file my_file_15.txt (compact mmCIF, C-alpha atoms)
# COMPACT_ATOMS: atom_id res chain seq x y z
CA MET X 222 -40.84 166.70 -20.96
CA ALA X 223 -39.89 164.88 -17.84
CA GLU X 224 -40.34 168.07 -15.91
CA ILE X 225 -44.13 167.90 -16.29
CA THR X 226 -44.51 164.75 -14.21
CA GLN X 227 -41.78 165.79 -11.79
CA LEU X 228 -43.42 169.16 -11.36
CA ILE X 229 -46.76 167.59 -10.48
CA HIS X 230 -45.11 165.29 -7.96
CA LYS X 231 -43.71 168.39 -6.30
CA TYR X 232 -47.20 169.73 -5.70
CA LEU X 233 -48.79 166.49 -4.47
CA ARG X 234 -49.27 165.43 -0.88
CA HIS X 235 -47.33 162.20 -0.91
CA ASN X 236 -48.68 161.03 2.43
CA LYS X 237 -52.09 160.49 0.78
CA LYS X 238 -53.11 157.23 -0.72
CA PHE X 239 -51.97 156.90 -4.32
CA PRO X 240 -52.82 156.21 -7.12
CA LEU X 241 -55.63 158.74 -7.35
CA VAL X 242 -59.07 157.56 -6.29
CA PHE X 243 -60.55 158.16 -9.76
CA CYS X 244 -61.63 155.32 -12.06
CA PRO X 245 -59.33 154.29 -14.91
CA GLY X 246 -59.77 156.69 -17.81
CA CYS X 247 -61.36 159.44 -15.71
CA GLY X 248 -60.25 162.88 -16.84
CA HIS X 249 -60.20 164.44 -13.38
CA GLY X 250 -56.52 163.65 -12.92
CA ILE X 251 -55.72 165.49 -16.13
CA VAL X 252 -57.57 168.57 -14.86
CA LEU X 253 -55.64 168.31 -11.61
CA GLY X 254 -52.40 168.28 -13.59
CA SER X 255 -53.58 171.24 -15.61
CA LEU X 256 -54.39 173.18 -12.46
CA VAL X 257 -50.96 172.48 -10.98
CA ARG X 258 -49.17 173.49 -14.17
CA SER X 259 -51.16 176.72 -14.39
CA VAL X 260 -50.41 177.66 -10.78
CA HIS X 261 -46.72 176.89 -11.39
CA ALA X 262 -46.66 178.87 -14.64
CA LEU X 263 -48.03 181.94 -12.86
CA GLY X 264 -45.35 181.59 -10.18
CA LEU X 265 -47.85 181.61 -7.32
CA ASN X 266 -46.69 180.61 -3.88
CA LYS X 267 -48.22 177.37 -2.58
CA ASP X 268 -49.37 179.15 0.58
CA ASP X 269 -51.19 181.86 -1.37
CA VAL X 270 -53.43 179.43 -3.23
CA VAL X 271 -56.66 178.09 -1.76
CA ILE X 272 -58.52 175.21 -3.35
CA VAL X 273 -62.13 174.90 -2.26
CA ALA X 274 -63.88 171.75 -3.39
CA GLY X 275 -67.40 170.48 -3.02
CA ILE X 276 -68.69 166.95 -2.90
CA GLY X 277 -68.31 164.53 -5.74
CA CYS X 278 -65.44 162.96 -7.59
CA SER X 279 -64.05 166.44 -8.23
CA GLY X 280 -64.05 167.09 -4.49
CA ARG X 281 -61.25 164.58 -4.08
CA ILE X 282 -58.89 166.84 -5.99
CA ALA X 283 -58.51 169.11 -2.96
CA ALA X 284 -57.10 166.24 -0.91
CA TYR X 285 -54.20 165.55 -3.23
CA VAL X 286 -52.64 168.95 -3.80
CA ASP X 287 -50.36 170.68 -1.36
CA PHE X 288 -52.14 174.05 -1.29
CA ASN X 289 -54.47 175.39 1.37
CA THR X 290 -57.51 173.23 0.79
CA VAL X 291 -61.07 173.09 2.06
CA HIS X 292 -63.48 170.25 1.36
CA THR X 293 -66.95 171.68 1.80
CA THR X 294 -70.51 170.41 1.67
CA HIS X 295 -72.32 169.63 -1.55
CA GLY X 296 -72.81 172.65 -3.77
CA ARG X 297 -71.37 175.09 -1.26
CA ALA X 298 -67.82 175.37 -2.56
CA LEU X 299 -68.48 178.82 -3.98
CA THR X 300 -69.97 180.20 -0.78
CA VAL X 301 -66.92 179.16 1.21
CA ALA X 302 -64.68 180.51 -1.54
CA THR X 303 -66.55 183.83 -1.43
CA GLY X 304 -65.97 184.08 2.32
CA ILE X 305 -62.29 183.31 1.99
CA LYS X 306 -61.80 185.86 -0.77
CA MET X 307 -63.64 188.60 1.13
CA ALA X 308 -61.69 187.88 4.32
CA ASN X 309 -58.29 187.81 2.64
CA PRO X 310 -58.32 189.24 -0.89
CA LYS X 311 -54.61 188.55 -1.36
CA LEU X 312 -55.25 184.83 -1.74
CA THR X 313 -55.86 183.18 -5.08
CA VAL X 314 -59.06 181.24 -4.49
CA ILE X 315 -60.04 178.40 -6.81
CA ALA X 316 -63.35 176.60 -6.43
CA VAL X 317 -63.18 173.12 -7.95
CA MET X 318 -66.64 171.76 -8.60
CA GLY X 319 -68.38 169.09 -10.58
CA ASP X 320 -71.35 169.77 -12.80
CA GLY X 321 -73.80 168.52 -10.20
CA ASP X 322 -72.06 170.54 -7.54
CA ALA X 323 -71.90 173.79 -9.49
CA PHE X 324 -75.09 173.75 -11.53
CA SER X 325 -77.59 171.48 -9.84
CA ILE X 326 -77.23 171.80 -6.11
CA GLY X 327 -75.09 174.91 -6.05
CA GLY X 328 -76.70 176.53 -9.07
CA ASN X 329 -78.04 179.45 -7.11
CA HIS X 330 -74.67 180.19 -5.55
CA LEU X 331 -73.05 180.08 -8.94
CA ILE X 332 -75.30 182.60 -10.65
CA HIS X 333 -74.98 184.99 -7.72
CA ALA X 334 -71.21 184.60 -7.56
CA ALA X 335 -71.17 185.47 -11.26
CA ARG X 336 -73.56 188.39 -10.76
CA ARG X 337 -71.55 189.97 -7.97
CA ASN X 338 -68.25 189.08 -9.65
CA ILE X 339 -66.39 187.88 -6.62
CA GLY X 340 -62.73 187.36 -7.52
CA VAL X 341 -62.81 183.58 -7.47
CA THR X 342 -61.86 181.17 -10.25
CA ALA X 343 -64.43 178.43 -10.68
CA LEU X 344 -63.18 175.26 -12.29
CA VAL X 345 -66.17 173.15 -13.27
CA LEU X 346 -65.41 169.56 -14.18
CA ASN X 347 -68.33 168.62 -16.37
CA ASN X 348 -68.78 164.88 -16.83
CA PHE X 349 -72.53 165.08 -17.61
CA ILE X 350 -73.55 162.91 -14.67
CA TYR X 351 -73.44 162.41 -10.92
CA GLY X 352 -70.50 160.03 -10.96
CA MET X 353 -69.72 159.43 -7.32
CA THR X 354 -73.25 158.79 -6.09
CA GLY X 355 -73.99 156.14 -8.70
CA GLY X 356 -74.81 157.66 -12.05
CA GLN X 357 -77.95 159.74 -11.57
CA CYS X 358 -78.76 162.30 -14.23
CA SER X 359 -77.60 165.84 -13.53
CA SER X 360 -78.64 169.17 -14.96
CA THR X 361 -76.00 168.88 -17.67
CA THR X 362 -76.90 165.36 -18.84
CA PRO X 363 -77.63 165.78 -22.56
CA GLU X 364 -81.19 165.20 -23.76
CA GLY X 365 -81.80 161.58 -24.61
CA ALA X 366 -78.75 160.30 -22.75
CA TYR X 367 -78.95 157.27 -20.52
CA SER X 368 -78.33 157.50 -16.81
CA HIS X 369 -79.47 155.33 -13.94
CA THR X 370 -82.34 157.67 -13.15
CA SER X 371 -83.26 158.20 -16.80
CA PRO X 372 -83.13 154.64 -18.19
CA MET X 373 -85.33 155.56 -21.16
CA GLY X 374 -83.24 158.61 -21.98
CA GLN X 375 -83.10 161.99 -20.30
CA LEU X 376 -86.28 163.95 -21.00
CA GLU X 377 -85.12 167.33 -19.76
CA SER X 378 -82.81 169.52 -21.74
CA ALA X 379 -79.36 170.31 -20.40
CA PHE X 380 -77.88 173.53 -19.14
CA ASP X 381 -75.40 175.25 -21.39
CA ILE X 382 -72.88 176.18 -18.69
CA VAL X 383 -71.17 178.82 -20.80
CA GLU X 384 -74.36 180.63 -21.83
CA LEU X 385 -75.76 180.57 -18.30
CA THR X 386 -72.64 181.99 -16.68
CA LYS X 387 -72.26 184.53 -19.44
CA ALA X 388 -75.83 185.74 -18.91
CA ALA X 389 -75.31 185.91 -15.15
CA GLY X 390 -72.56 188.47 -15.73
CA ALA X 391 -69.28 186.66 -15.09
CA ALA X 392 -66.06 188.46 -16.02
CA GLY X 393 -64.66 185.49 -17.90
CA VAL X 394 -66.10 182.26 -19.23
CA SER X 395 -64.23 179.60 -21.15
CA ARG X 396 -64.48 175.93 -22.02
CA GLY X 397 -61.79 173.32 -22.52
CA THR X 398 -61.55 169.55 -22.55
CA VAL X 399 -59.14 167.07 -21.05
CA TYR X 400 -58.15 165.91 -24.53
CA HIS X 401 -57.03 169.43 -25.47
CA VAL X 402 -54.74 169.78 -22.47
CA LYS X 403 -52.45 172.54 -23.68
CA GLU X 404 -55.43 174.77 -24.45
CA LEU X 405 -56.94 173.91 -21.07
CA ASP X 406 -53.68 174.90 -19.34
CA ALA X 407 -53.79 178.27 -21.09
CA LEU X 408 -57.47 178.81 -20.21
CA VAL X 409 -56.95 177.98 -16.53
CA ALA X 410 -53.86 180.19 -16.29
CA ASP X 411 -55.72 183.03 -17.99
CA ALA X 412 -58.69 182.65 -15.62
CA LEU X 413 -56.40 182.65 -12.58
CA SER X 414 -54.66 185.84 -13.63
CA ARG X 415 -57.78 187.91 -14.35
CA PRO X 416 -59.89 189.93 -11.88
CA GLY X 417 -63.52 189.15 -11.17
CA PHE X 418 -65.38 185.86 -11.39
CA ASN X 419 -63.85 183.58 -13.99
CA LEU X 420 -65.30 180.20 -14.85
CA VAL X 421 -63.55 177.44 -16.77
CA GLU X 422 -65.63 174.48 -17.83
CA ALA X 423 -63.51 171.39 -18.38
CA LEU X 424 -65.24 168.55 -20.20
CA THR X 425 -64.02 165.30 -18.74
CA PRO X 426 -65.26 161.84 -19.60
CA CYS X 427 -66.84 159.58 -16.99
CA PHE X 428 -66.65 156.17 -18.55
CA THR X 429 -67.80 154.20 -15.53
CA GLN X 430 -71.12 155.96 -15.05
CA TYR X 431 -71.83 157.83 -18.27
CA GLY X 432 -69.85 156.17 -21.03
CA ARG X 433 -70.94 152.58 -20.48
CA GLY X 434 -74.62 153.46 -20.67
CA ASN X 435 -74.25 155.62 -23.73
CA GLY X 436 -72.59 153.38 -26.26
CA PHE X 437 -68.93 153.99 -25.52
CA LYS X 438 -66.87 150.83 -25.43
CA SER X 439 -63.91 152.19 -23.52
CA ALA X 440 -62.58 155.31 -21.85
CA VAL X 441 -60.32 155.79 -24.85
CA GLU X 442 -63.40 156.01 -27.07
CA MET X 443 -64.70 158.86 -24.93
CA PHE X 444 -61.43 160.71 -25.46
CA ARG X 445 -61.81 160.08 -29.20
CA TRP X 446 -65.31 161.54 -28.99
CA LEU X 447 -63.93 164.67 -27.31
CA LYS X 448 -61.24 164.89 -29.98
CA ASP X 449 -63.75 164.59 -32.83
CA SER X 450 -66.63 166.68 -31.51
CA CYS X 451 -64.87 169.64 -29.88
CA LEU X 452 -63.31 172.40 -31.91
CA PRO X 453 -62.16 175.99 -31.36
CA ILE X 454 -64.90 178.59 -31.35
CA GLU X 455 -63.51 180.33 -34.45
CA ARG X 456 -63.90 177.16 -36.48
CA PHE X 457 -67.22 176.32 -34.83
CA GLU X 458 -68.73 179.59 -35.98
CA LYS X 459 -67.84 178.88 -39.60
CA LEU X 460 -69.57 175.48 -39.50
CA GLU X 461 -72.90 175.10 -41.27
CA ASP X 462 -73.99 171.90 -39.52
CA ARG X 463 -73.25 172.30 -35.83
CA THR X 464 -75.10 169.25 -34.50
CA GLY X 465 -73.02 167.35 -32.01
CA LYS X 466 -70.18 169.85 -32.10
CA ILE X 467 -68.97 171.67 -29.01
CA PRO X 468 -67.11 174.99 -29.21
CA LEU X 469 -63.99 175.47 -27.07
CA GLY X 470 -62.09 178.55 -26.05
CA SER X 471 -62.66 181.83 -24.28
CA PHE X 472 -66.25 183.07 -24.68
CA VAL X 473 -66.36 186.18 -22.52
CA ARG X 474 -63.62 188.50 -21.34
CA ARG X 475 -65.01 191.49 -19.52
CA ASP X 476 -62.85 193.80 -17.45
CA ILE X 477 -64.83 193.98 -14.24
CA PRO X 478 -63.07 194.54 -10.91
CA GLY X 479 -63.78 191.86 -8.32
CA LEU X 480 -66.25 192.43 -5.51
CA GLU X 481 -63.43 192.43 -2.94
CA THR X 482 -61.73 195.33 -4.79
CA ARG X 483 -64.93 197.34 -4.95
CA TYR X 484 -65.61 196.61 -1.29
CA ALA X 485 -62.14 197.83 -0.27
CA ALA X 486 -62.67 200.99 -2.34
CA MET X 487 -66.03 201.58 -0.67
CA CYS X 488 -64.52 201.14 2.80
CA GLU X 489 -61.78 203.59 1.90
CA GLY X 490 -64.35 206.10 0.63
CA VAL X 491 -66.46 205.86 3.79
CA ARG X 492 -63.40 206.23 6.00
CA ARG X 493 -62.28 209.32 4.13
CA LYS X 494 -65.77 210.86 4.33
CA LYS X 495 -65.96 210.31 8.07
CA GLY X 496 -62.46 211.68 8.56
CA GLY X 497 -63.41 214.78 6.56
CA ALA X 498 -66.57 215.38 8.61
CA ALA X 499 -64.84 215.08 11.95
CA MET E 229 -33.26 157.12 -33.75
CA GLY E 230 -34.11 158.73 -30.46
CA ARG E 231 -32.66 157.78 -27.15
CA ASN E 232 -35.47 159.21 -25.06
CA ARG E 233 -36.22 157.19 -21.98
CA VAL E 234 -39.87 156.43 -21.28
CA VAL E 235 -40.87 155.31 -17.79
CA VAL E 236 -44.23 154.06 -16.53
CA TYR E 237 -44.69 153.81 -12.77
CA PRO E 238 -46.61 150.52 -12.45
CA ASP E 239 -47.90 151.35 -8.98
CA TRP E 240 -49.68 154.45 -10.22
CA CYS E 241 -50.85 153.20 -13.63
CA LYS E 242 -54.47 152.03 -13.87
CA GLY E 243 -54.26 150.78 -17.42
CA CYS E 244 -56.81 153.14 -18.94
CA GLY E 245 -54.98 152.84 -22.25
CA ILE E 246 -54.95 156.52 -23.21
CA CYS E 247 -51.20 156.53 -23.78
CA ALA E 248 -51.35 153.32 -25.82
CA ALA E 249 -54.23 154.57 -27.97
CA PHE E 250 -53.00 158.07 -28.75
CA CYS E 251 -49.20 157.73 -28.87
CA PRO E 252 -48.30 158.63 -32.45
CA LYS E 253 -45.35 156.22 -32.42
CA LYS E 254 -47.04 153.32 -30.58
CA VAL E 255 -44.53 153.35 -27.75
CA PHE E 256 -46.98 151.92 -25.21
CA ALA E 257 -49.13 148.83 -24.94
CA VAL E 258 -51.42 147.70 -22.16
CA GLY E 259 -50.02 144.46 -20.79
CA LEU E 260 -51.78 141.40 -19.43
CA ASP E 261 -51.42 142.76 -15.92
CA GLY E 262 -53.63 145.71 -16.88
CA LYS E 263 -50.81 148.24 -16.76
CA ALA E 264 -49.24 150.25 -19.54
CA GLN E 265 -45.88 148.98 -20.68
CA VAL E 266 -43.20 150.59 -22.77
CA VAL E 267 -42.79 148.32 -25.79
CA ASN E 268 -41.10 150.53 -28.35
CA GLU E 269 -38.96 153.04 -26.51
CA GLU E 270 -36.66 153.72 -29.48
CA ALA E 271 -39.55 155.17 -31.49
CA CYS E 272 -40.34 157.91 -28.95
CA VAL E 273 -40.02 161.38 -30.47
CA ASN E 274 -40.80 163.27 -27.24
CA CYS E 275 -43.96 164.81 -28.74
CA GLY E 276 -45.29 165.70 -25.31
CA PHE E 277 -48.65 163.96 -25.52
CA CYS E 278 -48.48 161.21 -22.92
CA GLU E 279 -47.23 163.14 -19.89
CA PRO E 280 -50.00 165.72 -19.56
CA HIS E 281 -52.64 163.24 -20.75
CA CYS E 282 -51.87 160.56 -18.17
CA PRO E 283 -54.65 160.99 -15.56
CA ASP E 284 -52.53 159.28 -12.90
CA PHE E 285 -49.18 161.03 -13.47
CA ALA E 286 -47.65 157.63 -14.16
CA VAL E 287 -45.76 158.34 -17.37
CA MET E 288 -42.46 160.15 -17.58
CA VAL E 289 -40.40 160.85 -20.68
CA ILE E 290 -36.78 161.80 -20.15
CA PRO E 291 -35.45 163.41 -23.33
CA GLU E 292 -32.26 162.28 -24.97
CA ASN E 293 -30.14 165.21 -23.83
CA ASP E 294 -30.78 164.79 -20.13
CA VAL E 295 -30.93 161.05 -19.58
CA PRO E 296 -29.25 160.52 -16.21
CA GLU E 297 -26.80 157.71 -15.50
CA THR E 298 -29.17 155.99 -13.12
CA PRO E 299 -32.95 155.77 -13.61
CA GLU E 300 -35.14 158.30 -11.85
CA PRO E 301 -36.33 157.10 -8.46
CA ALA E 302 -40.00 156.24 -8.28
CA PRO E 303 -42.18 158.69 -6.34
CA THR E 304 -42.54 158.25 -2.62
CA GLU E 305 -44.45 155.14 -1.74
CA ALA E 306 -48.02 155.61 -0.63
CA LYS E 307 -48.56 155.43 3.08
CA GLU E 308 -51.48 153.98 4.92
CA GLU E 309 -53.30 157.20 5.53
CA THR E 310 -56.84 157.53 4.35
CA LEU E 311 -58.14 160.73 2.86

call {"tool": "encode", "arguments": {"input": "my_file_15.txt", "output": "structure tokens"}}
result
Amino acid sequence: MAEITQLIHKYLRHNKKFPLVFCPGCGHGIVLGSLVRSVHALGLNKDDVVIVAGIGCSGRIAAYVDFNTVHTTHGRALTVATGIKMANPKLTVIAVMGDGDAFSIGGNHLIHAARRNIGVTALVLNNFIYGMTGGQCSSTTPEGAYSHTSPMGQLESAFDIVELTKAAGAAGVSRGTVYHVKELDALVADALSRPGFNLVEALTPCFTQYGRGNGFKSAVEMFRWLKDSCLPIERFEKLEDRTGKIPLGSFVRRDIPGLETRYAAMCEGVRRKKGGAA
Amino acid sequence: MGRNRVVVYPDWCKGCGICAAFCPKKVFAVGLDGKAQVVNEEACVNCGFCEPHCPDFAVMVIPENDVPETPEPAPTEAKEETL
């Protein structure tokens, strides 16, 4: 197994400050490892991979990996990723976003990226809270949960990321957790290898901002919660009492060509038409 | 019993305790310095849990059949460059 850690070290920028900036017990590092393993498993060249990250704890991921990386403004990771993919469709573009980044501030960009099926993989690290800015509630904070801006419990209901992206028309939608790493690796690799807009939601615990206010005694307890409450979608559907359970796995797999492919085909068609007329 | 070598890089470990809590053979323990320590290396069965689950890439398990003569060098030291 030694190759796993050695492999990740191969893809890191060792001139950056280590250890990672994340709090102890944060799952973001595990998602980073998963991303690196998936890219390696697909045999992609480092120079052909672009990581676009927004603002937030998840935005730090772009700084550590030795791919082409862009650190964009809050919520705008997908817009930059869209531009990169349209300009150079040969690149594998991955937008790494947090839940606040993808669904609160960049929510509009996300639904339209899904609607037009741009060939970008969106990796959403959902920790149910705005971690970096101090623990404000986000659009995925569960109802009744404590955050610094909802001290009496969150009144609003939360977005279901999977249902929303599915309804917006994405080619692929899946959900994994940082406890179920092997499954997450497979989901990320699958999303990277498919055409169209593919979204992977990775549930990762934020003990510092979310866990402490919501009755978790340690980061390990949050991992135990993920282990106990998440289960594969096949088993989830057979359950009678689904309260507190979260389904994992691939929810949608549609074969839709990416926008960049359709655009190239349209250009080709127009060129041929003009050539025929002349 | 196994002769797998288990290494924790102390500079990278933050002591979150995930390895200590979930290791099926109780190979790790979080020490007084707040870092994970290998306390029961002989029990390691190379199940593959700790390496991908370490958020800081600080754990490495070298299986029995490819234990080198000298220990693996630690990763390059961090330099004073900010992000």

call {"tool": "closest_atom_pairs", "arguments": {"input": "my_file_15.txt", "of": "range 227-257 of chain X", "to": "range 277-289 of chain E", "cutoff": "10 Å", "atoms": "only C-alpha atoms", "output": "tab-separated table"}}
result
residue	atom	partner	partner_atom	distance
X:Gln227	CA	E:Met288	CA	8.1
X:Ile229	CA	E:Phe285	CA	7.6
X:His230	CA	E:Phe285	CA	8.1
X:Phe239	CA	E:Asp284	CA	8.9
X:Pro240	CA	E:Asp284	CA	6.6
X:Leu241	CA	E:Asp284	CA	6.4
X:Val242	CA	E:Asp284	CA	9.5
X:Phe243	CA	E:Asp284	CA	8.7
X:Cys244	CA	E:Pro283	CA	9.6
X:Pro245	CA	E:Pro283	CA	8.2
X:Gly246	CA	E:Pro283	CA	7.1
X:Cys247	CA	E:Pro283	CA	6.9
X:Gly248	CA	E:Pro283	CA	6.0
X:His249	CA	E:Pro283	CA	6.9
X:Gly250	CA	E:Pro283	CA	4.2
X:Ile251	CA	E:Pro283	CA	4.7
X:Val252	CA	E:Pro283	CA	8.2
X:Leu253	CA	E:Pro283	CA	8.4
X:Gly254	CA	E:Pro280	CA	6.9
X:Ser255	CA	E:Pro280	CA	7.7

call {"tool": "closest_residue", "arguments": {"input": "my_file_15.txt", "among": "X:His295, X:Lys231, X:Lys267, X:Lys459", "to": "chain E", "atoms": "all atoms listed in the file"}}
result
X:Lys231

call {"tool": "residues_around", "arguments": {"input": "my_file_15.txt", "residues": "Thr482 in chain X", "least_positions_apart": "6", "cutoff": "9 Å", "atoms": "all atoms listed in the file", "output": "PyMOL selection string"}}
result
chain X and resi 310+339-340

call {"tool": "write_last_selection", "arguments": {"input": "my_file_15.txt", "atoms": "C-alpha atoms", "output": "mmCIF file, in the frame of the given file"}}
result
data_model
loop_
_atom_site.group_PDB
_atom_site.id
_atom_site.type_symbol
_atom_site.label_atom_id
_atom_site.label_comp_id
_atom_site.auth_asym_id
_atom_site.auth_seq_id
_atom_site.Cartn_x
_atom_site.Cartn_y
_atom_site.Cartn_z
ATOM 1 C CA PRO X 310 -58.320 189.240 -0.890
ATOM 2 C CA ILE X 339 -66.390 187.880 -6.620
ATOM 3 C CA GLY X 340 -62.730 187.360 -7.520
#

call {"tool": "atom_distance", "arguments": {"input": "my_file_15.txt", "atom1": "CA of Trp240 in chain E", "atom2": "CA of Lys238 in chain X"}}
result
10.5 Å

call {"tool": "residues_near_point", "arguments": {"input": "my_file_15.txt", "point": "(-50.1, 149.2, -20.2)", "cutoff": "7 Å", "atoms": "all atoms listed in the file", "output": "number ranges by chain"}}
result
E: 243, 245, 256-259, 262-265

call {"tool": "closest_residue", "arguments": {"input": "my_file_15.txt", "among": "E:Val234, E:Cys244, E:Val255, E:Val267", "to": "chain X", "atoms": "only C-alpha atoms"}}
result
E:Cys244

call {"tool": "atom_distance", "arguments": {"input": "my_file_15.txt", "atom1": "CA of Thr370 in chain X", "atom2": "CA of Arg297 in chain X"}}
result
23.8 Å

call {"tool": "atom_distance", "arguments": {"input": "my_file_15.txt", "atom1": "CA of Leu260 in chain E", "atom2": "CA of Gln430 in chain X"}}
result
24.6 Å

call {"tool": "closest_residue", "arguments": {"input": "my_file_15.txt", "among": "E:Asp261, E:Glu269, E:Glu292, E:Asp239", "to": "chain X", "atoms": "all atoms listed in the file"}}
result
E:Asp239

call {"tool": "closest_residue", "arguments": {"input": "my_file_15.txt", "among": "X:Asn236, X:Ser414, X:Ser450, X:Asn347", "to": "Cys278 in chain X", "atoms": "all atoms listed in the file"}}
result
X:Asn347

call {"tool": "residues_around", "arguments": {"input": "my_file_15.txt", "residues": "Lys253 in chain E", "least_positions_apart": "3", "cutoff": "9 Å", "atoms": "only C-alpha atoms", "output": "ChimeraX atom specification"}}
result
/E:250,256,268,271-273

call {"tool": "residues_around", "arguments": {"input": "my_file_15.txt", "residues": "Leu312 in chain X", "least_positions_apart": "3", "cutoff": "10 Å", "atoms": "all atoms listed in the file", "output": "VMD selection string"}}
result
chain X and resid 265 to 266 268 to 271 289 305 to 309 315 340 to 341

call {"tool": "closest_residue", "arguments": {"input": "my_file_15.txt", "among": "E:Val235, E:Cys247, E:Ile290, E:Val266", "to": "chain X", "atoms": "all atoms listed in the file"}}
result
E:Ile290

call {"tool": "closest_residue", "arguments": {"input": "my_file_15.txt", "among": "X:Leu460, X:Val402, X:Val409, X:Met353", "to": "chain E", "atoms": "all atoms listed in the file"}}
result
X:Val402

call {"tool": "residues_around", "arguments": {"input": "my_file_15.txt", "residues": "range 320-328 of chain X", "least_positions_apart": "2", "cutoff": "7 Å", "atoms": "all atoms listed in the file", "output": "PyMOL selection string"}}
result
chain X and resi 275-276+295-297+318+330-332+345-349+351+359-361

call {"tool": "residues_around", "arguments": {"input": "my_file_15.txt", "residues": "Ala334 in chain X", "least_positions_apart": "4", "cutoff": "10 Å", "atoms": "all atoms listed in the file", "output": "PyMOL selection string"}}
result
chain X and resi 299-300+302-303+328-330+338-341+343+386+389-391+417-419+480

call {"tool": "write_last_selection", "arguments": {"input": "my_file_15.txt", "atoms": "C-alpha atoms", "output": "PDB file, in the coordinates of the input"}}
result
ATOM      1  CA  LEU X 299     -68.480 178.820  -3.980  1.00  0.00           C
ATOM      2  CA  THR X 300     -69.970 180.200  -0.780  1.00  0.00           C
ATOM      3  CA  ALA X 302     -64.680 180.510  -1.540  1.00  0.00           C
ATOM      4  CA  THR X 303     -66.550 183.830  -1.430  1.00  0.00           C
ATOM      5  CA  GLY X 328     -76.700 176.530  -9.070  1.00  0.00           C
ATOM      6  CA  ASN X 329     -78.040 179.450  -7.110  1.00  0.00           C
ATOM      7  CA  HIS X 330     -74.670 180.190  -5.550  1.00  0.00           C
ATOM      8  CA  ASN X 338     -68.250 189.080  -9.650  1.00  0.00           C
ATOM      9  CA  ILE X 339     -66.390 187.880  -6.620  1.00  0.00           C
ATOM     10  CA  GLY X 340     -62.730 187.360  -7.520  1.00  0.00           C
ATOM     11  CA  VAL X 341     -62.810 183.580  -7.470  1.00  0.00           C
ATOM     12  CA  ALA X 343     -64.430 178.430 -10.680  1.00  0.00           C
ATOM     13  CA  THR X 386     -72.640 181.990 -16.680  1.00  0.00           C
ATOM     14  CA  ALA X 389     -75.310 185.910 -15.150  1.00  0.00           C
ATOM     15  CA  GLY X 390     -72.560 188.470 -15.730  1.00  0.00           C
ATOM     16  CA  ALA X 391     -69.280 186.660 -15.090  1.00  0.00           C
ATOM     17  CA  GLY X 417     -63.520 189.150 -11.170  1.00  0.00           C
ATOM     18  CA  PHE X 418     -65.380 185.860 -11.390  1.00  0.00           C
ATOM     19  CA  ASN X 419     -63.850 183.580 -13.990  1.00  0.00           C
ATOM     20  CA  LEU X 480     -66.250 192.430  -5.510  1.00  0.00           C
TER      21      LEU X 480
END
